[in-house]
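The structure file model29.csv is reproduced below (CSV, C-alpha atoms).
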chain,number,residue,atom,x,y,z
A,1,MET,CA,-17.8,3.6,-28.8
A,2,LYS,CA,-15.1,5.4,-26.9
A,3,ILE,CA,-12.5,3.2,-25.3
A,4,VAL,CA,-9.8,4.2,-22.9
A,5,PHE,CA,-6.6,2.2,-22.3
A,6,THR,CA,-4.2,2.7,-19.4
A,7,THR,CA,-0.7,2.7,-21.0
A,8,GLU,CA,3.0,3.4,-20.5
A,9,GLY,CA,3.3,5.1,-23.9
A,10,THR,CA,1.3,6.7,-26.7
A,11,GLU,CA,1.6,4.1,-29.5
A,12,TRP,CA,-0.5,1.1,-30.4
A,13,GLU,CA,2.6,-1.0,-29.7
A,14,SER,CA,3.1,0.7,-26.3
A,15,LYS,CA,2.9,-1.5,-23.2
A,16,MET,CA,-0.3,-1.3,-21.1
A,17,ASP,CA,0.1,0.2,-17.6
A,18,PRO,CA,-1.6,-2.2,-15.2
A,19,ARG,CA,-2.6,0.6,-12.8
A,20,PHE,CA,-5.6,2.8,-13.2
A,21,GLY,CA,-5.2,5.9,-11.0
A,22,ARG,CA,-1.5,6.1,-11.4
A,23,ALA,CA,-1.3,5.0,-15.1
A,24,LYS,CA,1.2,7.0,-17.1
A,25,TYR,CA,-1.2,7.7,-20.0
A,26,PHE,CA,-4.8,7.3,-20.8
A,27,MET,CA,-5.2,6.6,-24.5
A,28,VAL,CA,-8.7,7.4,-25.7
A,29,PHE,CA,-9.7,5.5,-28.9
A,30,ASP,CA,-12.8,6.5,-30.7
A,31,GLU,CA,-13.9,3.5,-32.7
A,32,GLU,CA,-16.1,5.5,-35.1
A,33,THR,CA,-13.5,8.1,-36.1
A,34,LYS,CA,-10.5,5.8,-35.4
A,35,GLU,CA,-8.9,8.8,-33.6
A,36,LEU,CA,-6.4,7.9,-30.8
A,37,ILE,CA,-6.0,10.8,-28.3
A,38,PRO,CA,-3.5,10.6,-25.4
A,39,LEU,CA,-4.3,12.1,-22.0
A,40,ASP,CA,-1.1,12.5,-20.0
A,41,ASN,CA,-1.7,11.4,-16.4
A,42,GLY,CA,1.8,12.6,-15.2
A,43,ASP,CA,0.3,15.2,-13.0
A,44,VAL,CA,-0.8,12.5,-10.6
A,45,GLU,CA,2.8,12.0,-9.4
A,46,GLY,CA,2.5,14.8,-6.9
A,47,GLU,CA,-0.6,13.3,-5.3
A,48,ALA,CA,-0.3,11.3,-2.2
A,49,HIS,CA,-3.9,10.3,-2.1
A,50,GLY,CA,-6.9,10.5,-4.3
A,51,ALA,CA,-5.3,9.4,-7.6
A,52,GLY,CA,-8.3,7.1,-8.3
A,53,PRO,CA,-11.1,9.7,-8.1
A,54,LYS,CA,-8.9,12.2,-10.0
A,55,ALA,CA,-8.4,9.7,-12.8
A,56,ALA,CA,-12.0,8.9,-12.8
A,57,ARG,CA,-12.8,12.6,-13.2
A,58,LYS,CA,-10.7,12.6,-16.4
A,59,MET,CA,-12.8,9.7,-17.6
A,60,ALA,CA,-15.9,11.7,-17.1
A,61,GLU,CA,-14.4,14.6,-19.1
A,62,ALA,CA,-13.3,12.3,-21.9
A,63,LYS,CA,-16.8,10.7,-21.9
A,64,VAL,CA,-15.5,7.1,-22.4
A,65,GLU,CA,-17.7,4.1,-22.3
A,66,VAL,CA,-15.2,1.4,-21.9
A,67,LEU,CA,-12.0,1.2,-19.7
A,68,ILE,CA,-9.4,-1.4,-20.5
A,69,THR,CA,-6.7,-1.8,-17.9
A,70,GLY,CA,-4.7,-4.3,-15.8
A,71,ASN,CA,-5.4,-4.6,-12.1
A,72,GLY,CA,-8.6,-2.7,-12.2
A,73,PRO,CA,-9.6,0.5,-10.5
A,74,GLY,CA,-9.7,0.7,-6.7
A,75,GLY,CA,-12.8,1.3,-4.5
A,76,ASN,CA,-13.1,5.1,-4.9
A,77,ALA,CA,-12.5,5.1,-8.6
A,78,SER,CA,-14.9,2.2,-9.1
A,79,LYS,CA,-17.7,4.1,-7.5
A,80,VAL,CA,-17.2,7.0,-9.9
A,81,LEU,CA,-16.9,4.8,-13.0
A,82,GLU,CA,-20.1,3.0,-12.0
A,83,LYS,CA,-21.9,6.3,-11.7
A,84,LEU,CA,-20.5,7.2,-15.1
A,85,GLY,CA,-21.7,3.9,-16.6
A,86,THR,CA,-18.2,3.1,-17.8
A,87,VAL,CA,-17.6,-0.6,-18.1
A,88,SER,CA,-14.1,-1.8,-16.9
A,89,TYR,CA,-12.3,-4.7,-18.4
A,90,ILE,CA,-9.2,-6.0,-16.6
A,91,GLY,CA,-6.3,-8.4,-17.0
A,92,ALA,CA,-4.6,-6.6,-19.9
A,93,GLY,CA,-1.7,-5.4,-17.8
A,94,ASP,CA,1.0,-7.5,-19.6
A,95,MET,CA,-0.2,-6.8,-23.1
A,96,THR,CA,0.5,-4.0,-25.6
A,97,MET,CA,-2.3,-1.6,-26.3
A,98,LYS,CA,-2.9,-3.3,-29.6
A,99,GLU,CA,-3.1,-6.8,-28.0
A,100,ALA,CA,-5.4,-5.5,-25.3
A,101,TYR,CA,-7.8,-4.1,-27.9
A,102,GLU,CA,-7.8,-7.4,-29.8
A,103,ALA,CA,-8.4,-9.3,-26.6
A,104,TYR,CA,-11.3,-7.0,-25.8
A,105,LYS,CA,-12.7,-7.4,-29.3
A,106,ASN,CA,-12.4,-11.2,-28.9
A,107,GLY,CA,-14.2,-11.2,-25.6
A,108,GLU,CA,-11.0,-12.5,-23.8
A,109,LEU,CA,-10.9,-9.8,-21.0
A,110,ASP,CA,-12.9,-10.1,-17.7
A,111,LYS,CA,-15.2,-7.4,-16.5
A,112,ALA,CA,-14.1,-5.8,-13.3
B,1,MET,CA,7.0,19.3,29.2
B,2,LYS,CA,6.3,17.4,26.0
B,3,ILE,CA,8.7,14.7,24.8
B,4,ALA,CA,8.1,13.0,21.4
B,5,ILE,CA,9.8,9.7,20.6
B,6,ALA,CA,10.1,9.3,16.8
B,7,SER,CA,12.4,7.4,14.5
B,8,GLY,CA,12.2,7.6,10.7
B,9,LYS,CA,12.6,3.8,10.3
B,10,GLY,CA,9.9,1.6,11.8
B,11,GLY,CA,10.7,-1.1,14.3
B,12,THR,CA,13.7,0.6,15.9
B,13,GLY,CA,12.3,0.8,19.4
B,14,LYS,CA,9.9,3.8,19.7
B,15,THR,CA,7.4,1.9,21.8
B,16,THR,CA,10.1,0.1,23.8
B,17,LEU,CA,11.7,3.4,24.7
B,18,SER,CA,8.3,5.2,25.2
B,19,THR,CA,6.9,2.6,27.6
B,20,ASN,CA,10.1,2.1,29.6
B,21,LEU,CA,10.8,5.8,29.8
B,22,ALA,CA,7.3,6.6,30.9
B,23,SER,CA,7.3,4.0,33.6
B,24,PHE,CA,10.8,4.9,34.8
B,25,MET,CA,10.1,8.7,34.9
B,26,ALA,CA,6.8,8.0,36.7
B,27,GLU,CA,8.7,6.8,39.7
B,28,LYS,CA,9.5,10.5,40.4
B,29,ARG,CA,7.2,12.6,38.3
B,30,ASP,CA,3.7,12.8,37.0
B,31,VAL,CA,3.7,11.3,33.6
B,32,VAL,CA,1.2,10.7,30.8
B,33,LEU,CA,2.1,8.5,27.9
B,34,SER,CA,0.2,8.9,24.6
B,35,ASP,CA,0.4,6.4,21.8
B,36,LEU,CA,0.0,8.6,18.7
B,37,ASP,CA,0.8,5.8,16.2
B,38,VAL,CA,-3.0,5.7,15.7
B,39,GLU,CA,-2.8,3.4,12.7
B,40,GLU,CA,-1.3,0.6,14.8
B,41,PRO,CA,-0.9,1.6,18.4
B,42,ASN,CA,1.0,-0.9,20.5
B,43,SER,CA,2.3,0.7,23.6
B,44,GLY,CA,-0.7,-0.8,25.5
B,45,LEU,CA,0.7,-4.3,24.9
B,46,PHE,CA,3.5,-3.5,27.4
B,47,LEU,CA,1.4,-1.9,30.1
B,48,LYS,CA,-0.8,-3.3,32.8
B,49,SER,CA,-3.6,-0.8,33.0
B,50,GLU,CA,-7.3,-0.2,33.6
B,51,LEU,CA,-9.7,1.6,31.3
B,52,PHE,CA,-10.6,5.0,32.8
B,53,PHE,CA,-12.4,6.7,30.0
B,54,ALA,CA,-13.3,6.1,26.3
B,55,GLU,CA,-14.9,8.1,23.6
B,56,ASP,CA,-15.5,8.0,19.9
B,57,LYS,CA,-13.6,10.6,17.7
B,58,PHE,CA,-15.2,12.2,14.7
B,59,LYS,CA,-14.0,14.2,11.8
B,60,MET,CA,-16.0,16.6,9.8
B,61,ILE,CA,-16.9,15.9,6.2
B,62,PRO,CA,-19.1,17.7,3.6
B,63,GLU,CA,-22.6,16.2,3.1
B,64,TRP,CA,-24.2,17.1,-0.3
B,65,ASN,CA,-27.6,18.6,-0.2
B,66,ASN,CA,-28.9,18.5,-3.8
B,67,VAL,CA,-31.8,20.9,-3.4
B,68,ASP,CA,-30.1,24.2,-4.2
B,69,CYS,CA,-26.9,22.8,-5.9
B,70,THR,CA,-26.3,24.3,-9.3
B,71,LEU,CA,-23.5,21.8,-10.1
B,72,CYS,CA,-21.1,24.7,-10.6
B,73,GLY,CA,-18.1,22.5,-9.9
B,74,LYS,CA,-16.5,25.0,-7.5
B,75,CYS,CA,-16.2,22.3,-4.7
B,76,GLN,CA,-14.2,19.9,-6.8
B,77,ASP,CA,-11.9,22.7,-8.1
B,78,VAL,CA,-11.0,23.8,-4.5
B,79,CYS,CA,-10.4,20.3,-3.1
B,80,ASN,CA,-6.7,19.6,-3.0
B,81,TYR,CA,-7.3,15.9,-2.2
B,82,HIS,CA,-9.9,14.9,-4.8
B,83,ALA,CA,-12.2,14.0,-2.0
B,84,ILE,CA,-15.2,15.6,-3.7
B,85,ILE,CA,-16.0,15.3,-7.4
B,86,GLN,CA,-18.9,16.1,-9.7
B,87,ILE,CA,-20.0,13.3,-11.9
B,88,VAL,CA,-22.8,14.1,-14.3
B,89,ASP,CA,-25.6,15.4,-12.0
B,90,THR,CA,-24.1,14.2,-8.8
B,91,ILE,CA,-21.6,15.4,-6.2
B,92,MET,CA,-19.6,12.5,-4.8
B,93,VAL,CA,-17.8,12.8,-1.5
B,94,PHE,CA,-15.0,10.4,-0.5
B,95,PRO,CA,-14.9,10.7,3.2
B,96,GLU,CA,-11.6,8.8,3.6
B,97,LEU,CA,-9.8,11.3,1.4
B,98,CYS,CA,-11.3,14.4,3.0
B,99,HIS,CA,-8.9,16.5,5.2
B,100,SER,CA,-11.8,18.4,6.9
B,101,CYS,CA,-10.5,21.7,5.6
B,102,PHE,CA,-14.0,23.1,5.0
B,103,ALA,CA,-13.0,24.7,1.7
B,104,CYS,CA,-15.7,23.1,-0.4
B,105,SER,CA,-18.3,23.8,2.3
B,106,GLU,CA,-17.4,27.4,2.9
B,107,LEU,CA,-16.9,28.3,-0.8
B,108,CYS,CA,-20.1,26.6,-2.1
B,109,PRO,CA,-22.2,29.5,-3.5
B,110,THR,CA,-25.5,27.8,-2.6
B,111,ASN,CA,-24.5,26.3,0.8
B,112,SER,CA,-25.2,22.9,-0.5
B,113,LEU,CA,-22.3,21.2,1.4
B,114,PRO,CA,-22.9,21.5,5.1
B,115,MET,CA,-20.3,19.7,7.2
B,116,GLY,CA,-21.3,16.6,9.2
B,117,GLN,CA,-19.7,14.2,11.6
B,118,LYS,CA,-18.1,10.9,10.6
B,119,LYS,CA,-16.6,8.5,13.2
B,120,MET,CA,-12.9,8.0,12.4
B,121,GLY,CA,-11.6,6.3,15.6
B,122,GLU,CA,-11.7,5.9,19.3
B,123,LEU,CA,-9.7,7.4,22.2
B,124,GLN,CA,-9.1,5.4,25.3
B,125,HIS,CA,-7.6,6.7,28.6
B,126,PHE,CA,-6.1,4.1,30.8
B,127,LYS,CA,-4.4,4.2,34.2
B,128,THR,CA,-1.5,2.1,35.2
B,129,SER,CA,-0.4,1.9,38.8
B,130,THR,CA,1.9,4.9,38.3
B,131,PHE,CA,0.9,6.9,35.3
B,132,ASP,CA,-1.8,7.7,32.7
B,133,PHE,CA,-1.8,6.2,29.3
B,134,ILE,CA,-3.8,7.5,26.3
B,135,GLU,CA,-4.3,5.4,23.1
B,136,SER,CA,-6.2,6.4,20.0
B,137,LYS,CA,-7.0,3.9,17.3
B,138,LEU,CA,-8.1,4.8,13.7
B,139,LEU,CA,-11.0,2.8,12.3
B,140,ILE,CA,-10.0,0.2,9.6
B,141,GLY,CA,-10.4,1.9,6.2
B,142,GLU,CA,-9.7,5.4,7.5
B,143,GLU,CA,-6.8,6.9,5.7
B,144,GLN,CA,-6.2,10.2,7.6
B,145,ALA,CA,-4.2,9.7,10.8
B,146,VAL,CA,-3.6,13.4,11.3
B,147,PRO,CA,-7.0,14.6,12.6
B,148,LEU,CA,-7.1,11.8,15.1
B,149,ILE,CA,-3.6,12.6,16.3
B,150,LYS,CA,-4.6,16.2,16.7
B,151,GLN,CA,-7.7,15.4,18.7
B,152,THR,CA,-5.7,13.1,20.9
B,153,LEU,CA,-3.1,15.8,21.6
B,154,ASP,CA,-6.0,18.2,22.4
B,155,TYR,CA,-7.4,15.6,24.9
B,156,VAL,CA,-4.0,15.3,26.6
B,157,ASP,CA,-3.6,19.1,26.8
B,158,GLU,CA,-7.1,19.6,28.2
B,159,ASN,CA,-6.8,16.9,30.8
B,160,PHE,CA,-3.2,17.2,32.0
B,161,SER,CA,-1.5,20.3,33.3
B,162,THR,CA,1.8,21.7,32.0
B,163,ASP,CA,3.6,20.2,35.0
B,164,VAL,CA,3.0,16.7,33.8
B,165,VAL,CA,5.6,15.1,31.6
B,166,LYS,CA,3.9,14.2,28.4
B,167,ILE,CA,5.5,11.4,26.4
B,168,TYR,CA,4.4,10.8,22.8
B,169,ASP,CA,5.0,7.5,21.1
B,170,SER,CA,5.0,8.8,17.5
B,171,PRO,CA,4.3,7.1,14.2
B,172,PRO,CA,7.2,6.0,12.1
B,173,GLY,CA,8.3,7.8,8.9
B,174,THR,CA,8.7,11.5,8.2
B,175,SER,CA,5.3,12.3,6.7
B,176,CYS,CA,2.3,14.3,8.0
B,177,PRO,CA,1.4,12.0,11.0
B,178,VAL,CA,5.0,12.4,12.4
B,179,ILE,CA,4.9,16.2,11.9
B,180,GLU,CA,1.6,16.3,13.7
B,181,ALA,CA,2.9,14.2,16.6
B,182,THR,CA,6.1,16.1,17.0
B,183,LYS,CA,5.3,19.7,16.1
B,184,ASP,CA,4.2,20.8,19.6
B,185,ALA,CA,6.8,18.8,21.4
B,186,ASP,CA,9.5,20.6,23.4
B,187,PHE,CA,12.0,17.9,22.7
B,188,ILE,CA,12.3,15.0,20.3
B,189,ILE,CA,14.2,11.7,20.9
B,190,LEU,CA,15.0,10.0,17.6
B,191,ILE,CA,15.6,6.3,18.2
B,192,THR,CA,17.5,4.3,15.6
B,193,GLU,CA,19.5,1.2,15.1
B,194,PRO,CA,23.1,1.1,14.0
B,195,THR,CA,22.5,-0.3,10.6
B,196,PRO,CA,22.8,1.3,7.1
B,197,PHE,CA,19.0,1.2,6.8
B,198,GLY,CA,18.6,2.7,10.3
B,199,LEU,CA,21.1,5.5,9.5
B,200,ASN,CA,19.5,6.3,6.2
B,201,ASP,CA,16.1,6.7,7.8
B,202,VAL,CA,17.3,8.6,10.9
B,203,ILE,CA,19.0,11.1,8.7
B,204,LEU,CA,15.6,11.8,7.0
B,205,ALA,CA,14.1,12.2,10.5
B,206,ILE,CA,17.0,14.5,11.6
B,207,ASP,CA,16.4,16.6,8.5
B,208,THR,CA,12.7,16.8,9.3
B,209,MET,CA,13.4,17.9,12.9
B,210,LYS,CA,15.9,20.5,11.7
B,211,GLU,CA,13.2,21.8,9.3
B,212,LEU,CA,10.8,22.0,12.2
B,213,LYS,CA,13.5,23.8,14.2
B,214,LYS,CA,13.2,21.2,17.0
B,215,ASP,CA,15.6,20.4,19.8
B,216,PHE,CA,16.4,16.7,19.4
B,217,ALA,CA,18.9,14.0,20.4
B,218,ILE,CA,19.6,10.4,19.3
B,219,VAL,CA,19.1,7.1,21.2
B,220,ILE,CA,20.7,4.1,19.6
B,221,ASN,CA,18.8,0.8,20.1
B,222,ARG,CA,20.2,-2.7,19.6
B,223,TYR,CA,23.6,-1.1,20.1
B,224,GLY,CA,26.4,-3.5,19.1
B,225,ILE,CA,24.9,-4.8,15.8
B,226,GLY,CA,25.7,-3.2,12.4
B,227,ASN,CA,28.5,-0.6,12.2
B,228,ASP,CA,29.7,2.7,13.7
B,229,ASP,CA,28.4,5.0,10.9
B,230,ILE,CA,25.7,6.5,13.1
B,231,LEU,CA,28.3,7.4,15.7
B,232,LYS,CA,30.4,9.1,13.0
B,233,TYR,CA,27.4,10.9,11.6
B,234,CYS,CA,26.3,12.3,14.9
B,235,ASP,CA,29.9,13.3,15.8
B,236,GLU,CA,30.4,15.1,12.5
B,237,ASN,CA,27.1,16.9,12.8
B,238,ASN,CA,27.2,17.7,16.5
B,239,ILE,CA,24.1,15.7,17.3
B,240,PRO,CA,24.0,14.4,20.9
B,241,ILE,CA,23.6,10.6,21.5
B,242,ILE,CA,22.0,10.4,24.8
B,243,GLY,CA,21.5,6.6,25.2
B,244,LYS,CA,22.7,3.3,23.8
B,245,ILE,CA,20.4,0.4,24.5
B,246,PRO,CA,22.4,-2.8,24.1
B,247,ASN,CA,21.5,-5.6,21.7
B,248,GLN,CA,20.7,-8.5,24.1
B,249,ARG,CA,18.7,-11.7,23.7
B,250,ALA,CA,17.2,-11.2,27.1
B,251,ILE,CA,15.7,-7.8,25.9
B,252,ALA,CA,14.1,-9.6,22.9
B,253,GLU,CA,12.7,-12.3,25.2
B,254,LEU,CA,11.1,-9.7,27.6
B,255,TYR,CA,9.8,-7.7,24.6
B,256,SER,CA,8.2,-10.8,23.1
B,257,LYS,CA,6.3,-11.4,26.4
B,258,GLY,CA,5.1,-7.8,26.5
B,259,GLU,CA,7.2,-6.8,29.5
B,260,LEU,CA,9.1,-3.7,30.4
B,261,LEU,CA,12.8,-4.0,30.5
B,262,TYR,CA,14.5,-1.6,32.9
B,263,ASP,CA,13.5,-3.3,36.1
B,264,LYS,CA,15.0,-6.6,34.9
B,265,ILE,CA,17.9,-5.4,32.7
B,266,PRO,CA,20.4,-3.1,34.6
B,267,GLU,CA,22.0,-1.8,31.4
B,268,VAL,CA,18.6,-0.6,30.2
B,269,LYS,CA,18.0,1.2,33.5
B,270,THR,CA,21.4,2.9,33.3
B,271,GLU,CA,20.6,4.1,29.8
B,272,LEU,CA,17.3,5.5,30.9
B,273,GLU,CA,19.1,7.3,33.8
B,274,ASN,CA,21.4,8.8,31.2
B,275,ILE,CA,18.5,9.9,29.0
B,276,VAL,CA,16.6,11.4,31.9
B,277,SER,CA,19.7,13.2,33.2
B,278,TYR,CA,20.2,14.7,29.8
B,279,LEU,CA,16.5,15.7,29.7
B,280,GLU,CA,16.8,17.2,33.2
B,281,SER,CA,19.8,19.3,32.3
B,282,HIS,CA,18.4,20.5,29.0
B,283,ILE,CA,14.6,20.8,29.2
B,284,LEU,CA,13.2,19.6,32.5
B,285,LYS,CA,14.6,22.4,34.6

Structure rendered as structure tokens:
Amino acid sequence: MKIVFTTEGTEWESKMDPRFGRAKYFMVFDEETKELIPLDNGDVEGEAHGAGPKAARKMAEAKVEVLITGNGPGGNASKVLEKLGTVSYIGAGDMTMKEAYEAYKNGELDKA
Amino acid sequence: MKIAIASGKGGTGKTTLSTNLASFMAEKRDVVLSDLDVEEPNSGLFLKSELFFAEDKFKMIPEWNNVDCTLCGKCQDVCNYHAIIQIVDTIMVFPELCHSCFACSELCPTNSLPMGQKKMGELQHFKTSTFDFIESKLLIGEEQAVPLIKQTLDYVDENFSTDVVKIYDSPPGTSCPVIEATKDADFIILITEPTPFGLNDVILAIDTMKELKKDFAIVINRYGIGNDDILKYCDENNIPIIGKIPNQRAIAELYSKGELLYDKIPEVKTELENIVSYLESHILK
């Protein structure tokens, strides 16, 4: 299973970023290989509109199955994620990435 | 003659000045007032008018035809606004993000993205007893004000001769909608309030007008509150202040009832006369 976290940094102890489209980083974790790969989302800063679909396109390229975030993606991004079959879990905005992963594993996060 | 009334900061009196100036000038000239703040038009609240004409306004968006599409991805690569993306075997279009630039449609190798119409808002043309009033309103959920502003300006240009004084009540801020509402105007009145917040935002608006190489002047609203910094700023930068609408409780009361001011508040009429005489000597020759 490939899981993506919206985060403010690139470590397991980094804080989650509650936003999806304008998250600072997307951290892609491959549960099989235990690989943690950062995707820098900094290029979104110059975008006035369309951050959500743009971020969702990155999800398509990274082929993630699960998204763990805070507030949840907006309408446009949701449409894309639904099409991709990516399942979104929300409510992890105040956690560290590590805490968010544990909460997900324990079934403590809500589906968007 | 096209006069745009803009501000930078919201809530400084664009609509108050637009409606009063239009009504006042209409005593001697042919005037059309257009509310170009299409996201929340409000000039109509202050005018007694009858509907003369109304029409839906449309923007063009790409519509995916999957028969010949090879999923080459060219469309999403050329879109500056992420309004079209390829997901697995589907091309998804986000109409609210589309700027109707036609790039994806024109550059599609298989012509799989013909452009189609989508309703974005409505234009209404009213007549008051002395002047014409145009108001466009964006549909809820639509994000792009610029195409509707452009079509509204086109309507005004097509229906009113160059002899008519065209007053544009512009959107607030300094972003694309303001640029669209002011770029064809012959003169811009920037209305501000004499507060630090008002000054900060009017400087942004002044810089924008300089960038657009526009002829502009300042009107101060709620004159008497705040401080003198706007006076100093305009003096140091040689920017004309052509009117000072006083801060008065009676003005707020009339405003709250949706009434015009100048026929009841002599100081407001005097300021309008000052503004018009400046316009006459500078641009209305």

Tell me, as a PDB file with C-alpha atoms, in the frame of the given file, which residues lie within 7 Å of Tyr25 in chain A, counting all atoms listed in the file; anything in the same chain fewer than 4 positions away does not count.
ATOM      1  CA  THR A   6      -4.200   2.700 -19.400  1.00  0.00           C
ATOM      2  CA  THR A   7      -0.700   2.700 -21.000  1.00  0.00           C
ATOM      3  CA  GLU A   8       3.000   3.400 -20.500  1.00  0.00           C
ATOM      4  CA  GLY A   9       3.300   5.100 -23.900  1.00  0.00           C
ATOM      5  CA  PRO A  38      -3.500  10.600 -25.400  1.00  0.00           C
ATOM      6  CA  LEU A  39      -4.300  12.100 -22.000  1.00  0.00           C
ATOM      7  CA  ASP A  40      -1.100  12.500 -20.000  1.00  0.00           C
ATOM      8  CA  ASN A  41      -1.700  11.400 -16.400  1.00  0.00           C
TER       9      ASN A  41
END

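From CA of Gly8 in chain B back to CA of Thr192 in chain B, the distance works out to 7.9 Å.
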
For a quick test of understanding: name the residues of chain B lying within 7 Å of chain A when counting all atoms listed in the file, and present them as number ranges by chain.
B: 81-83, 87, 97

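Atom to atom, CA of Lys127 in chain B and CA of Ser161 in chain B stand 16.4 Å apart.
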
| task | Please return, as an MDAnalysis selection string, all polymer residues that have at least one atom within 6 Å of the point (0.7, 0.1, -29.5); use all atoms listed in the file and the file's own coordinate frame. | result | chainID A and resid 11:14 96:98
